[in-house]
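Student: Sending over entry.cif (mmCIF, C-alpha atoms).
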data_work
#
loop_
_atom_site.label_atom_id
_atom_site.label_comp_id
_atom_site.auth_asym_id
_atom_site.auth_seq_id
_atom_site.Cartn_x
_atom_site.Cartn_y
_atom_site.Cartn_z
CA MET A 1 169.62 86.75 89.83
CA LEU A 2 170.18 83.06 90.15
CA GLY A 3 167.99 80.38 91.66
CA PRO A 4 165.76 77.40 90.98
CA SER A 5 162.41 77.89 89.26
CA GLY A 6 159.74 79.18 91.60
CA CYS A 7 162.23 80.89 93.93
CA GLY A 8 160.83 84.33 93.19
CA LYS A 9 163.56 85.71 90.94
CA SER A 10 161.17 86.57 88.09
CA THR A 11 158.76 88.21 90.51
CA LEU A 12 161.60 90.25 91.98
CA LEU A 13 162.60 91.32 88.46
CA ARG A 14 159.01 92.32 87.67
CA THR A 15 158.85 94.60 90.72
CA VAL A 16 161.43 96.77 88.93
CA ASN A 17 159.08 97.70 86.05
CA ARG A 18 155.98 97.39 88.24
CA LEU A 19 154.53 94.36 86.47
CA ALA A 20 154.54 93.05 90.05
CA VAL A 21 153.88 95.24 93.08
CA PRO A 22 155.64 94.43 96.35
CA VAL A 23 153.49 94.19 99.49
CA SER A 24 156.20 96.00 101.42
CA GLY A 25 159.52 97.62 100.64
CA SER A 26 160.54 99.86 97.77
CA VAL A 27 162.38 99.51 94.49
CA TYR A 28 164.65 102.31 93.31
CA VAL A 29 165.90 102.77 89.77
CA GLY A 30 168.49 105.52 89.45
CA GLU A 31 167.64 106.84 92.95
CA ARG A 32 163.95 107.17 92.11
CA ASP A 33 161.27 105.05 93.77
CA VAL A 34 159.45 103.20 90.97
CA ALA A 35 156.20 103.29 92.99
CA ALA A 36 156.21 107.08 92.61
CA GLN A 37 156.35 106.92 88.80
CA ASP A 38 153.69 106.35 86.16
CA PRO A 39 154.05 102.64 85.31
CA VAL A 40 153.65 103.15 81.54
CA GLN A 41 156.29 105.90 81.37
CA LEU A 42 158.55 103.90 83.70
CA ARG A 43 158.38 100.82 81.45
CA ARG A 44 159.15 102.79 78.30
CA GLY A 45 162.43 103.72 79.94
CA ILE A 46 163.33 100.16 80.95
CA GLY A 47 164.11 97.41 78.44
CA TYR A 48 162.35 94.09 78.93
CA VAL A 49 163.21 90.73 77.37
CA ILE A 50 161.41 87.50 78.19
CA GLN A 51 161.89 83.93 77.11
CA ALA A 52 160.95 82.95 73.53
CA VAL A 53 157.34 84.14 73.36
CA GLY A 54 158.22 87.81 73.56
CA LEU A 55 158.02 88.78 69.88
CA PHE A 56 154.67 89.74 68.39
CA GLY A 57 153.80 87.26 65.65
CA HIS A 58 151.67 89.69 63.64
CA MET A 59 154.47 92.25 63.32
CA THR A 60 157.60 92.13 61.18
CA VAL A 61 161.05 92.21 62.74
CA ALA A 62 161.26 95.95 62.05
CA GLN A 63 157.83 96.61 63.58
CA ASN A 64 158.72 94.56 66.65
CA ILE A 65 161.93 96.51 67.19
CA ALA A 66 160.05 99.78 66.62
CA VAL A 67 157.43 99.15 69.32
CA VAL A 68 158.94 101.41 71.96
CA PRO A 69 160.10 104.12 69.50
CA SER A 70 156.55 104.24 68.13
CA LEU A 71 155.12 104.49 71.66
CA LEU A 72 157.53 107.36 72.24
CA GLY A 73 156.35 109.04 69.04
CA TRP A 74 159.58 108.92 67.04
CA ASP A 75 159.20 109.88 63.38
CA ARG A 76 159.49 107.35 60.57
CA ASP A 77 163.04 108.16 59.43
CA ARG A 78 164.53 108.17 62.89
CA THR A 79 162.79 104.88 63.70
CA ALA A 80 163.89 103.20 60.44
CA ALA A 81 167.48 104.30 60.95
CA ARG A 82 167.44 103.05 64.53
CA VAL A 83 165.97 99.68 63.49
CA ASP A 84 168.79 99.13 60.98
CA GLU A 85 171.39 100.23 63.49
CA LEU A 86 170.01 97.78 66.08
CA LEU A 87 169.83 94.89 63.62
CA GLY A 88 173.49 95.52 62.87
CA LEU A 89 174.27 95.64 66.58
CA VAL A 90 172.74 92.20 67.18
CA ASP A 91 174.46 90.85 64.07
CA LEU A 92 171.44 90.46 61.78
CA GLU A 93 171.74 91.92 58.29
CA PRO A 94 169.05 94.66 58.04
CA GLN A 95 168.16 94.04 54.37
CA ARG A 96 167.59 90.36 55.00
CA TYR A 97 165.71 90.54 58.29
CA ARG A 98 163.80 93.83 58.38
CA HIS A 99 160.64 92.57 56.70
CA ARG A 100 160.57 89.02 57.98
CA TYR A 101 158.08 87.71 60.48
CA PRO A 102 159.17 86.10 63.76
CA ARG A 103 157.94 82.66 62.59
CA GLU A 104 160.54 82.78 59.79
CA LEU A 105 163.41 83.12 62.26
CA SER A 106 165.33 80.55 64.26
CA GLY A 107 165.12 80.63 68.06
CA GLY A 108 168.47 82.37 68.30
CA GLU A 109 167.52 84.99 65.70
CA GLN A 110 164.22 85.65 67.49
CA GLN A 111 166.08 86.22 70.72
CA ARG A 112 168.46 88.67 69.00
CA VAL A 113 165.46 90.60 67.75
CA GLY A 114 164.02 90.49 71.29
CA VAL A 115 167.22 92.07 72.59
CA ALA A 116 167.21 94.69 69.82
CA ARG A 117 163.61 95.59 70.67
CA ALA A 118 164.40 95.93 74.35
CA ILE A 119 167.30 98.34 73.81
CA ALA A 120 165.68 100.32 70.98
CA ALA A 121 165.22 103.50 72.99
CA GLU A 122 168.56 103.15 74.78
CA PRO A 123 167.14 102.38 78.21
CA PRO A 124 169.69 102.77 81.00
CA VAL A 125 168.30 99.60 82.58
CA LEU A 126 167.48 96.32 80.86
CA LEU A 127 165.51 93.48 82.47
CA MET A 128 166.06 90.01 81.04
CA ASP A 129 164.01 87.07 82.28
CA GLU A 130 165.68 83.80 81.26
CA PRO A 131 166.07 85.23 77.76
CA PHE A 132 168.16 82.38 76.41
CA GLY A 133 166.28 79.50 78.03
CA ALA A 134 164.77 78.20 74.80
CA VAL A 135 167.84 78.07 72.58
CA ASP A 136 170.50 75.40 72.28
CA ALA A 137 173.81 75.58 74.11
CA ILE A 138 175.93 76.84 71.21
CA VAL A 139 173.53 79.63 70.26
CA ARG A 140 173.12 80.52 73.94
CA ARG A 141 176.87 80.89 74.20
CA SER A 142 177.06 83.35 71.30
CA LEU A 143 174.05 85.31 72.59
CA GLN A 144 175.77 85.57 75.97
CA ASP A 145 178.90 86.96 74.33
CA GLU A 146 176.77 89.44 72.45
CA ILE A 147 174.98 90.61 75.57
CA ARG A 148 178.30 91.21 77.29
CA ARG A 149 179.50 93.22 74.32
CA ILE A 150 176.29 95.26 74.09
CA ALA A 151 176.21 95.92 77.82
CA SER A 152 179.73 97.33 77.83
CA ALA A 153 179.23 99.26 74.58
CA LEU A 154 175.99 100.92 75.71
CA HIS A 155 176.79 101.18 79.42
CA THR A 156 173.51 99.49 80.20
CA THR A 157 172.77 98.03 83.60
CA ILE A 158 171.29 94.58 83.08
CA LEU A 159 169.24 92.65 85.60
CA PHE A 160 169.39 89.10 84.31
CA VAL A 161 167.36 86.20 85.67
CA THR A 162 168.63 82.67 85.15
CA HIS A 163 168.62 79.25 86.76
CA ASP A 164 171.84 78.34 84.98
CA VAL A 165 174.92 78.62 87.21
CA ASP A 166 177.32 78.73 84.27
CA GLU A 167 175.35 81.51 82.63
CA ALA A 168 175.45 83.51 85.85
CA LEU A 169 179.20 83.04 86.18
CA ARG A 170 179.81 83.98 82.57
CA LEU A 171 177.74 87.14 82.56
CA ALA A 172 177.47 88.61 86.01
CA ASP A 173 179.44 91.32 87.72
CA ARG A 174 177.36 90.60 90.78
CA ILE A 175 175.27 87.52 91.50
CA VAL A 176 172.20 87.39 93.73
CA VAL A 177 171.47 83.82 94.77
CA MET A 178 167.81 83.23 95.63
CA ARG A 179 165.91 80.34 97.12
CA GLU A 180 162.29 80.09 98.20
CA GLY A 181 161.66 83.80 98.00
CA ARG A 182 164.77 84.78 99.95
CA ILE A 183 168.20 86.04 99.01
CA GLU A 184 170.78 83.53 100.13
CA GLN A 185 173.79 85.60 99.18
CA HIS A 186 174.82 88.42 96.91
CA GLY A 187 178.25 89.44 95.78
CA THR A 188 180.75 89.15 92.97
CA PRO A 189 181.25 85.69 91.48
CA GLU A 190 184.67 85.55 93.13
CA GLN A 191 183.26 86.39 96.57
CA ILE A 192 180.53 83.78 96.26
CA LEU A 193 182.86 81.09 95.02
CA ARG A 194 185.44 81.86 97.69
CA GLU A 195 183.06 82.25 100.62
CA PRO A 196 179.63 80.72 100.03
CA ALA A 197 177.37 82.12 102.76
CA THR A 198 175.17 79.06 103.17
CA PRO A 199 175.40 75.32 102.48
CA TYR A 200 172.81 75.84 99.76
CA VAL A 201 175.02 78.30 97.89
CA ALA A 202 177.99 75.98 98.26
CA GLN A 203 175.95 73.13 96.88
CA LEU A 204 174.57 75.20 94.01
CA PHE A 205 178.04 76.18 92.83
CA ALA A 206 179.35 72.69 93.55
CA ILE A 207 181.90 74.23 95.85
CA ASP A 208 183.03 70.98 97.27
CA PRO A 209 186.70 70.30 97.90
CA GLU A 210 186.47 66.97 96.09
CA LEU A 211 184.77 68.46 93.05
CA ARG A 212 187.23 71.31 92.98
CA ARG A 213 190.10 68.95 92.89
CA TYR A 214 188.36 67.11 90.07
CA ASP A 215 187.83 70.35 88.15
CA ALA A 216 191.44 71.35 88.66
CA LEU A 217 192.51 67.99 87.37
CA ARG A 218 190.32 68.31 84.33
CA GLY A 219 191.64 71.80 83.72
CA ALA A 220 195.18 70.46 83.81
CA LEU A 221 194.47 67.81 81.24
CA MET B 1 115.39 75.90 34.26
CA THR B 2 113.27 78.03 31.98
CA TYR B 3 111.81 79.77 35.04
CA ILE B 4 115.24 80.70 36.28
CA GLU B 5 116.31 81.87 32.83
CA ARG B 6 113.26 84.06 32.47
CA HIS B 7 113.69 85.57 35.94
CA ALA B 8 117.45 85.85 36.07
CA GLY B 9 117.25 89.63 36.55
CA ASP B 10 114.77 89.33 39.45
CA ILE B 11 116.87 86.66 41.10
CA GLY B 12 119.88 88.96 40.83
CA VAL B 13 117.99 91.72 42.65
CA LEU B 14 116.74 89.27 45.28
CA THR B 15 120.30 88.05 45.82
CA LEU B 16 121.45 91.60 46.45
CA GLN B 17 118.56 92.13 48.87
CA HIS B 18 119.55 88.91 50.60
CA LEU B 19 123.11 90.11 50.98
CA ALA B 20 121.86 93.43 52.35
CA LEU B 21 119.81 91.62 55.00
CA VAL B 22 122.74 89.43 56.00
CA GLY B 23 125.20 92.34 55.93
CA ALA B 24 123.02 94.56 58.11
CA GLY B 25 122.21 91.68 60.47
CA LEU B 26 125.87 90.81 60.81
CA ALA B 27 126.92 94.42 61.39
CA LEU B 28 124.34 94.88 64.14
CA ALA B 29 125.26 91.48 65.55
CA LEU B 30 128.96 92.41 65.75
CA VAL B 31 128.24 95.63 67.62
CA VAL B 32 126.05 93.89 70.18
CA ALA B 33 128.31 90.85 70.48
CA SER B 34 131.37 93.07 71.02
CA ALA B 35 129.58 94.86 73.84
CA LEU B 36 128.53 91.57 75.44
CA ALA B 37 132.03 90.12 75.03
CA TYR B 38 133.48 93.25 76.62
CA ALA B 39 131.10 92.81 79.56
CA ILE B 40 132.21 89.19 79.96
CA LEU B 41 135.90 90.05 79.80
CA ARG B 42 135.47 92.83 82.35
CA ALA B 43 133.23 90.80 84.67
CA PRO B 44 134.00 87.11 84.05
CA ARG B 45 131.12 86.08 86.31
CA ALA B 46 128.68 87.51 83.79
CA ASP B 47 129.65 84.86 81.24
CA THR B 48 127.24 82.12 82.39
CA ALA B 49 124.27 84.48 82.26
CA ILE B 50 125.18 85.98 78.87
CA PHE B 51 126.02 82.65 77.24
CA ALA B 52 122.79 81.16 78.64
CA GLY B 53 120.78 84.11 77.33
CA ALA B 54 122.27 83.82 73.86
CA GLY B 55 121.67 80.06 73.97
CA ILE B 56 118.00 80.50 74.87
CA VAL B 57 117.46 82.93 71.99
CA TYR B 58 119.16 80.44 69.69
CA THR B 59 116.70 77.68 70.66
CA ILE B 60 113.57 79.75 69.88
CA PRO B 61 112.30 78.75 66.43
CA SER B 62 113.33 81.54 64.08
CA LEU B 63 109.86 81.90 62.60
CA ALA B 64 108.37 82.44 66.07
CA LEU B 65 111.01 85.03 66.90
CA LEU B 66 110.36 86.76 63.60
CA ALA B 67 106.63 86.90 64.39
CA ILE B 68 107.41 88.65 67.68
CA ALA B 69 109.78 91.08 65.94
CA VAL B 70 107.15 91.92 63.31
CA LYS B 71 104.62 92.64 66.07
CA TYR B 72 106.85 95.48 67.31
CA LEU B 73 108.70 96.61 64.19
CA GLY B 74 106.12 95.98 61.46
CA LEU B 75 106.81 94.14 58.22
CA GLY B 76 109.87 94.59 56.05
CA PHE B 77 113.64 94.86 56.43
CA TRP B 78 114.21 95.68 60.10
CA PRO B 79 112.50 92.77 61.92
CA VAL B 80 114.59 90.38 59.83
CA VAL B 81 117.81 92.28 60.59
CA LEU B 82 116.91 92.17 64.27
CA ILE B 83 116.38 88.42 64.45
CA LEU B 84 119.50 87.78 62.40
CA ALA B 85 121.48 89.83 64.90
CA ALA B 86 119.84 87.98 67.78
CA TYR B 87 120.62 84.54 66.37
CA ALA B 88 124.23 85.41 65.64
CA GLN B 89 124.89 86.26 69.31
CA PHE B 90 125.15 82.61 70.27
CA ILE B 91 128.04 82.07 67.85
CA LEU B 92 129.67 85.50 67.95
CA VAL B 93 129.85 86.23 71.68
CA ARG B 94 131.41 82.89 72.38
CA SER B 95 133.94 83.17 69.56
CA ILE B 96 134.95 86.74 70.43
CA VAL B 97 135.50 85.81 74.06
CA THR B 98 137.35 82.62 73.15
CA ALA B 99 139.49 84.41 70.57
CA LEU B 100 140.55 87.19 72.93
CA ARG B 101 141.19 84.83 75.83
CA ALA B 102 143.25 82.50 73.65
CA VAL B 103 145.99 85.11 73.09
CA SER B 104 148.96 84.07 75.18
CA GLU B 105 149.28 86.11 78.36
CA ALA B 106 153.05 86.15 77.83
CA GLN B 107 152.51 88.33 74.73
CA ILE B 108 150.36 90.73 76.71
CA ASP B 109 152.95 90.69 79.46
CA ALA B 110 155.63 91.61 76.93
CA ALA B 111 153.41 94.40 75.58
CA ARG B 112 152.81 95.85 79.05
CA GLY B 113 156.46 95.40 79.95
CA LEU B 114 157.50 97.47 76.92
CA GLY B 115 155.30 100.29 78.15
CA MET B 116 152.01 99.88 76.30
CA THR B 117 148.94 101.11 78.13
CA ALA B 118 146.16 98.57 78.67
CA SER B 119 144.27 99.84 75.63
CA GLN B 120 147.40 99.91 73.43
CA ALA B 121 148.10 96.31 74.44
CA PHE B 122 144.53 95.43 73.44
CA TRP B 123 144.42 97.19 70.07
CA ARG B 124 148.00 96.57 68.98
CA VAL B 125 148.57 93.07 70.32
CA ARG B 126 145.57 91.20 71.69
CA LEU B 127 143.08 92.02 68.93
CA PRO B 128 145.39 91.41 65.94
CA LEU B 129 146.51 88.10 67.43
CA ALA B 130 142.86 87.10 67.96
CA THR B 131 141.77 87.81 64.37
CA PRO B 132 141.94 84.28 62.90
CA VAL B 133 139.60 82.90 65.57
CA LEU B 134 137.38 85.99 65.25
CA ILE B 135 137.09 85.52 61.49
CA GLY B 136 136.21 81.86 62.12
CA GLY B 137 133.30 82.99 64.30
CA VAL B 138 132.14 85.51 61.70
CA ARG B 139 132.28 82.76 59.08
CA LEU B 140 130.01 80.42 61.04
CA ALA B 141 127.61 83.26 61.82
CA THR B 142 127.50 84.40 58.18
CA VAL B 143 126.62 80.95 56.89
CA ALA B 144 123.86 80.57 59.49
CA LEU B 145 122.45 84.04 58.73
CA ILE B 146 122.35 83.40 54.97
CA ALA B 147 120.04 80.47 55.69
CA ILE B 148 117.91 82.26 58.28
CA ALA B 149 117.53 85.36 56.08
CA THR B 150 115.32 83.37 53.71
CA LEU B 151 112.57 84.01 56.29
CA GLY B 152 112.54 87.55 54.93
CA GLY B 153 110.31 86.18 52.19
CA TYR B 154 107.48 85.80 54.72
CA VAL B 155 107.49 89.36 55.95
CA GLY B 156 108.10 91.39 52.81
CA ALA B 157 111.78 91.99 53.40
CA GLY B 158 112.67 90.56 50.01
CA GLY B 159 115.71 88.39 49.50
CA LEU B 160 115.87 84.89 48.07
CA GLY B 161 113.23 83.78 50.57
CA ASN B 162 110.68 85.51 48.31
CA GLU B 163 111.09 82.86 45.66
CA ILE B 164 111.05 80.05 48.21
CA PHE B 165 107.95 81.43 49.95
CA PHE B 166 105.92 82.08 46.80
CA GLY B 167 107.08 78.86 45.21
CA LEU B 168 105.91 76.87 48.22
CA GLN B 169 102.64 78.75 48.32
CA ARG B 170 101.93 78.02 44.64
CA GLN B 171 103.46 74.54 44.84
CA PHE B 172 105.73 75.63 42.00
CA MET B 173 108.97 73.76 42.46
CA ALA B 174 111.03 75.67 39.90
CA GLN B 175 110.42 78.95 41.73
CA THR B 176 111.31 77.42 45.11
CA LEU B 177 114.54 76.14 43.64
CA ALA B 178 115.23 79.53 42.09
CA GLY B 179 115.40 80.85 45.67
CA SER B 180 116.99 77.96 47.49
CA ILE B 181 119.80 77.13 45.04
CA PRO B 182 121.27 80.66 44.98
CA ALA B 183 120.89 80.84 48.79
CA ALA B 184 122.83 77.61 49.18
CA ALA B 185 125.42 78.85 46.68
CA LEU B 186 125.81 82.11 48.61
CA ALA B 187 126.43 80.17 51.82
CA VAL B 188 129.04 77.96 50.17
CA ILE B 189 130.80 80.94 48.58
CA ALA B 190 130.76 82.98 51.79
CA ASP B 191 132.15 80.01 53.69
CA GLY B 192 134.91 79.52 51.13
CA VAL B 193 135.94 83.16 50.96
CA LEU B 194 136.01 83.60 54.73
CA ARG B 195 137.92 80.34 55.09
CA LEU B 196 140.60 81.72 52.77
CA ILE B 197 140.83 84.98 54.74
CA GLU B 198 140.94 83.05 57.99
CA GLY B 199 143.74 80.85 56.70
CA ALA B 200 145.74 83.84 55.48
CA ALA B 201 145.32 85.58 58.84
CA ARG B 202 146.39 82.46 60.68
CA ARG B 203 149.52 82.00 58.57
CA ARG B 204 150.41 85.65 59.04
CA ILE B 205 150.40 85.64 62.83
CA SER B 206 151.65 82.17 63.72
CA ALA B 207 154.90 82.80 65.50
#
Take the structure I supplied and represent it as structure tokens, if you would.

Tutor:
Amino acid sequence: MLGPSGCGKSTLLRTVNRLAVPVSGSVYVGERDVAAQDPVQLRRGIGYVIQAVGLFGHMTVAQNIAVVPSLLGWDRDRTAARVDELLGLVDLEPQRYRHRYPRELSGGEQQRVGVARAIAAEPPVLLMDEPFGAVDAIVRRSLQDEIRRIASALHTTILFVTHDVDEALRLADRIVVMREGRIEQHGTPEQILREPATPYVAQLFAIDPELRRYDALRGAL
Amino acid sequence: MTYIERHAGDIGVLTLQHLALVGAGLALALVVASALAYAILRAPRADTAIFAGAGIVYTIPSLALLAIAVKYLGLGFWPVVLILAAYAQFILVRSIVTALRAVSEAQIDAARGLGMTASQAFWRVRLPLATPVLIGGVRLATVALIAIATLGGYVGAGGLGNEIFFGLQRQFMAQTLAGSIPAAALAVIADGVLRLIEGAARRRISA
């Protein structure tokens, strides 16, 4: 979900786990109307990652990752094994990171832990709200690669909110372009690039014959 | 100094009595202040009335309030505990409310988004993150109550106020000092210890 800040993309994302309730219309996850489900149970089955502030400062890395397993009543051994497995999955050495506190981690490491926490109970759906907004470009790039890898390894459907066109193009199978609370266009990156539905979409993706020629030229160099 | 040396044992007992008064006053104060803070957080419009009420109590001279308490509860331990609890409200209610409100809503949002119920989000996230500010409030209240508890000397509740009260009555400076110096020392020590705990709690949670 791509659009400028304030366009409603976060709100739309939050209707999926019922942190926001739509005035009209319905949201379905796996063919089930979310409004018909208990919000707490629903959320335990949906991963949720938000920008930077998401980790709990009074809990260690392991405790943060174990939040949902503990809510689901997993036993200690199963939880500990899962925590180590997840740390490995997001490329953080379990022995080194397990007992650290979020304040001792870099922004990129915190975000990896945030991802690990969100997928701890193997949710089929993962919601990510500008998860990499607070990290520098190089770290963002490696986190994006990791998310792609995790998504294909775990067969997780990810709803990803961003205002960064490049990030959307790098990660998305389908892009929903939003503006002022409305969907301007949705489709695969190729479709949108080839046939922007509105002047706004064309402008957003800089789909301008002149610019394209410039890009082509740069590519050739 | 000779007075203090001769009565060291008595002063020790009075110090323990003093701590008992402050401890009981603080415990009662925390229960009441938590209830009032809960009311404010549930019904934010109640805050002006509750803060004003606690402020008015705080402005009543403590000796006058103690006299009223003694009228209903008799002499001894309990009227002192009651006024200590009443005085602490001004500091405690405000610091509990401030501490809980100061926790970033994004953290609570993350907690709810991960599937915590409202009460799980409170006990597992909001309260632990609020502890440094809460301990700060308890620290201020404790220091104030250690001073106010010396009034116990007037109503037979014991404590270091005994020495101060009798010393003043007999115009015997050494006895007055034998009460006031340990009381001041208690306040300084309590402040220091709680400051250390507060600092440790703050370092632990800072993200």

Student: Near chain A, which residues of chain B fall within 12 Å when you count only C-alpha atoms, and what do they look like as a PyMOL selection string?

Tutor: chain B and resi 103-121+124-132+200-207

Student: As a list in words, please: the residues near range 184-194 of chain B (cut-off 7 Å, only C-alpha atoms, same-chain neighbours under 4 positions excluded).

Tutor: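 Final neighbour list, sorted by chain and number: Arg139, Val143, Ile146, Ser180 and Glu198 of chain B.
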
Student: Next, write the just-selected residues to a file, as an mmCIF file, in the frame of the given file, keeping C-alpha atoms as the atom set.

Tutor:
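Just written: part-v6.cif:
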data_model
loop_
_atom_site.group_PDB
_atom_site.id
_atom_site.type_symbol
_atom_site.label_atom_id
_atom_site.label_comp_id
_atom_site.auth_asym_id
_atom_site.auth_seq_id
_atom_site.Cartn_x
_atom_site.Cartn_y
_atom_site.Cartn_z
ATOM 1 C CA ARG B 139 132.280 82.760 59.080
ATOM 2 C CA VAL B 143 126.620 80.950 56.890
ATOM 3 C CA ILE B 146 122.350 83.400 54.970
ATOM 4 C CA SER B 180 116.990 77.960 47.490
ATOM 5 C CA GLU B 198 140.940 83.050 57.990
#

Student: Under the PyMOL selection byres ((chain B and resi 138) around 10), which residues of this model are included? Write them out as a list of chain:residue names.

Tutor: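 Taken over the shown coordinates, the PyMOL selection byres ((chain B and resi 138) around 10) returns B:Leu26, B:Ala29, B:Leu30, B:Ala88, B:Ile91, B:Leu92, B:Ser95, B:Ile96, B:Pro132, B:Val133, B:Leu134, B:Ile135, B:Gly136, B:Gly137, B:Arg139, B:Leu140, B:Ala141, B:Thr142, B:Val143, B:Ala144, B:Asp191, B:Leu194, B:Glu198.
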
Student: Between CA of Val139 in chain A and CA of Ala202 in chain A, what is the distance in Å, rounded to a tenth?

Tutor: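 Computed distance, CA of Val139 in chain A to CA of Ala202 in chain A, equals 28.6 Å.
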
Student: For Glu93 in chain A, which of A:Ala62, A:Val34, A:Ala120, A:Leu13 is the closest residue, counting all atoms listed in the file?

Tutor: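 Checking each candidate against Glu93 in chain A, we get A:Ala62 as the closest.
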
Student: Write out as a list in words which residues come within 12 Å of Ala20 in chain B when counting only C-alpha atoms, dropping same-chain ones fewer than 5 positions away.

Tutor: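 Counting only C-alpha atoms, the residues come to Val13, Leu14, Thr15, Gly25, Leu26, Ala27, Phe77, Trp78, Val80, Val81, Leu84, Leu145, Ile146, Ala149, Gly152, Ala157, Gly158, Gly159 and Leu160 of chain B.
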
Student: Now that the selection is made, can you save its residues with C-alpha atoms as a PDB file, keeping the file's coordinate frame?

Tutor:
ATOM      1  CA  VAL B  13     117.990  91.720  42.650  1.00  0.00           C
ATOM      2  CA  LEU B  14     116.740  89.270  45.280  1.00  0.00           C
ATOM      3  CA  THR B  15     120.300  88.050  45.820  1.00  0.00           C
ATOM      4  CA  GLY B  25     122.210  91.680  60.470  1.00  0.00           C
ATOM      5  CA  LEU B  26     125.870  90.810  60.810  1.00  0.00           C
ATOM      6  CA  ALA B  27     126.920  94.420  61.390  1.00  0.00           C
ATOM      7  CA  PHE B  77     113.640  94.860  56.430  1.00  0.00           C
ATOM      8  CA  TRP B  78     114.210  95.680  60.100  1.00  0.00           C
ATOM      9  CA  VAL B  80     114.590  90.380  59.830  1.00  0.00           C
ATOM     10  CA  VAL B  81     117.810  92.280  60.590  1.00  0.00           C
ATOM     11  CA  LEU B  84     119.500  87.780  62.400  1.00  0.00           C
ATOM     12  CA  LEU B 145     122.450  84.040  58.730  1.00  0.00           C
ATOM     13  CA  ILE B 146     122.350  83.400  54.970  1.00  0.00           C
ATOM     14  CA  ALA B 149     117.530  85.360  56.080  1.00  0.00           C
ATOM     15  CA  GLY B 152     112.540  87.550  54.930  1.00  0.00           C
ATOM     16  CA  ALA B 157     111.780  91.990  53.400  1.00  0.00           C
ATOM     17  CA  GLY B 158     112.670  90.560  50.010  1.00  0.00           C
ATOM     18  CA  GLY B 159     115.710  88.390  49.500  1.00  0.00           C
ATOM     19  CA  LEU B 160     115.870  84.890  48.070  1.00  0.00           C
TER      20      LEU B 160
END

Student: Between CA of Pro124 in chain A and CA of Leu86 in chain A, measure the distance and give it in Å to one decimal.

Tutor: 15.7 Å

Student: For this file, the PyMOL selection byres ((chain B and resi 178) around 8) selects which residues, as a list in words?

Tutor: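 Applied to this file, the PyMOL selection byres ((chain B and resi 178) around 8) returns Tyr3, Ile4, Ile11, Glu163, Ile164, Ala174, Gln175, Thr176, Leu177, Gly179, Ser180, Ile181 and Pro182 of chain B.
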
Student: Which value, in Å to one decimal, gives the distance between CA of Ile68 in chain B and CA of Gly156 in chain B?

Tutor: 15.1 Å

Student: I'd like to know which of A:Ile147, A:Ile158, A:Ala153, A:Leu92 is closest to Val16 in chain A, using all atoms listed in the file.

Tutor: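 Closest to Val16 in chain A of all the choices is A:Ile158.
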
Student: Taking the file above as input, evaluate the PyMOL selection byres ((chain B and resi 62) around 12) and report the hits as JSON, numbers by chain.

Tutor: {"B": [56, 57, 58, 59, 60, 61, 63, 64, 65, 66, 67, 68, 69, 79, 80, 82, 83, 84, 85, 86, 87, 88, 144, 145, 147, 148, 149, 150, 151, 152, 154]}

Student: Return as AutoDock Vina command-line options the centre and edge lengths, in Å with one decimal, of the box along x, y and z that encloses every atom of range 190-209 of chain A in the file, padded by 8 Å per side.

Tutor:
--center_x 179.8 --center_y 78.3 --center_z 98.0 --size_x 29.9 --size_y 32.1 --size_z 26.3

Student: Neighbours of Tyr38 in chain B within 12 Å (only C-alpha atoms; same-chain residues fewer than 6 positions away dropped), as a PyMOL selection string?

Tutor: chain B and resi 30-32+44+46-47+50+93-94+96-98+100-101+122

Student: Do you know which residues are at most 12 Å from Glu195 in chain A counting all atoms listed in the file, after dropping those on the same chain fewer than 4 positions away, and could you put them as a PyMOL selection string?

Tutor: chain A and resi 185-191+199+201-202+205+207-208

Student: Can you rebuild range 71-78 of chain A with N, CA and C atoms and give it as an mmCIF file, keeping the file's coordinate frame?

Tutor:
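Saved file result-v3.cif follows:
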data_model
loop_
_atom_site.group_PDB
_atom_site.id
_atom_site.type_symbol
_atom_site.label_atom_id
_atom_site.label_comp_id
_atom_site.auth_asym_id
_atom_site.auth_seq_id
_atom_site.Cartn_x
_atom_site.Cartn_y
_atom_site.Cartn_z
ATOM 1 N N LEU A 71 155.840 104.023 70.464
ATOM 2 C CA LEU A 71 155.120 104.490 71.660
ATOM 3 C C LEU A 71 155.630 105.850 72.098
ATOM 4 N N LEU A 72 156.933 106.084 71.836
ATOM 5 C CA LEU A 72 157.530 107.360 72.240
ATOM 6 C C LEU A 72 157.324 108.436 71.181
ATOM 7 N N GLY A 73 156.699 108.056 70.060
ATOM 8 C CA GLY A 73 156.350 109.040 69.040
ATOM 9 C C GLY A 73 157.501 109.464 68.134
ATOM 10 N N TRP A 74 158.486 108.583 67.964
ATOM 11 C CA TRP A 74 159.580 108.920 67.040
ATOM 12 C C TRP A 74 159.033 109.003 65.625
ATOM 13 N N ASP A 75 159.666 109.819 64.771
ATOM 14 C CA ASP A 75 159.200 109.880 63.380
ATOM 15 C C ASP A 75 159.752 108.680 62.598
ATOM 16 N N ARG A 76 159.203 108.517 61.381
ATOM 17 C CA ARG A 76 159.490 107.350 60.570
ATOM 18 C C ARG A 76 160.980 107.178 60.248
ATOM 19 N N ASP A 77 161.635 108.253 59.837
ATOM 20 C CA ASP A 77 163.040 108.160 59.430
ATOM 21 C C ASP A 77 163.938 107.778 60.603
ATOM 22 N N ARG A 78 163.705 108.445 61.724
ATOM 23 C CA ARG A 78 164.530 108.170 62.890
ATOM 24 C C ARG A 78 164.341 106.717 63.331
#
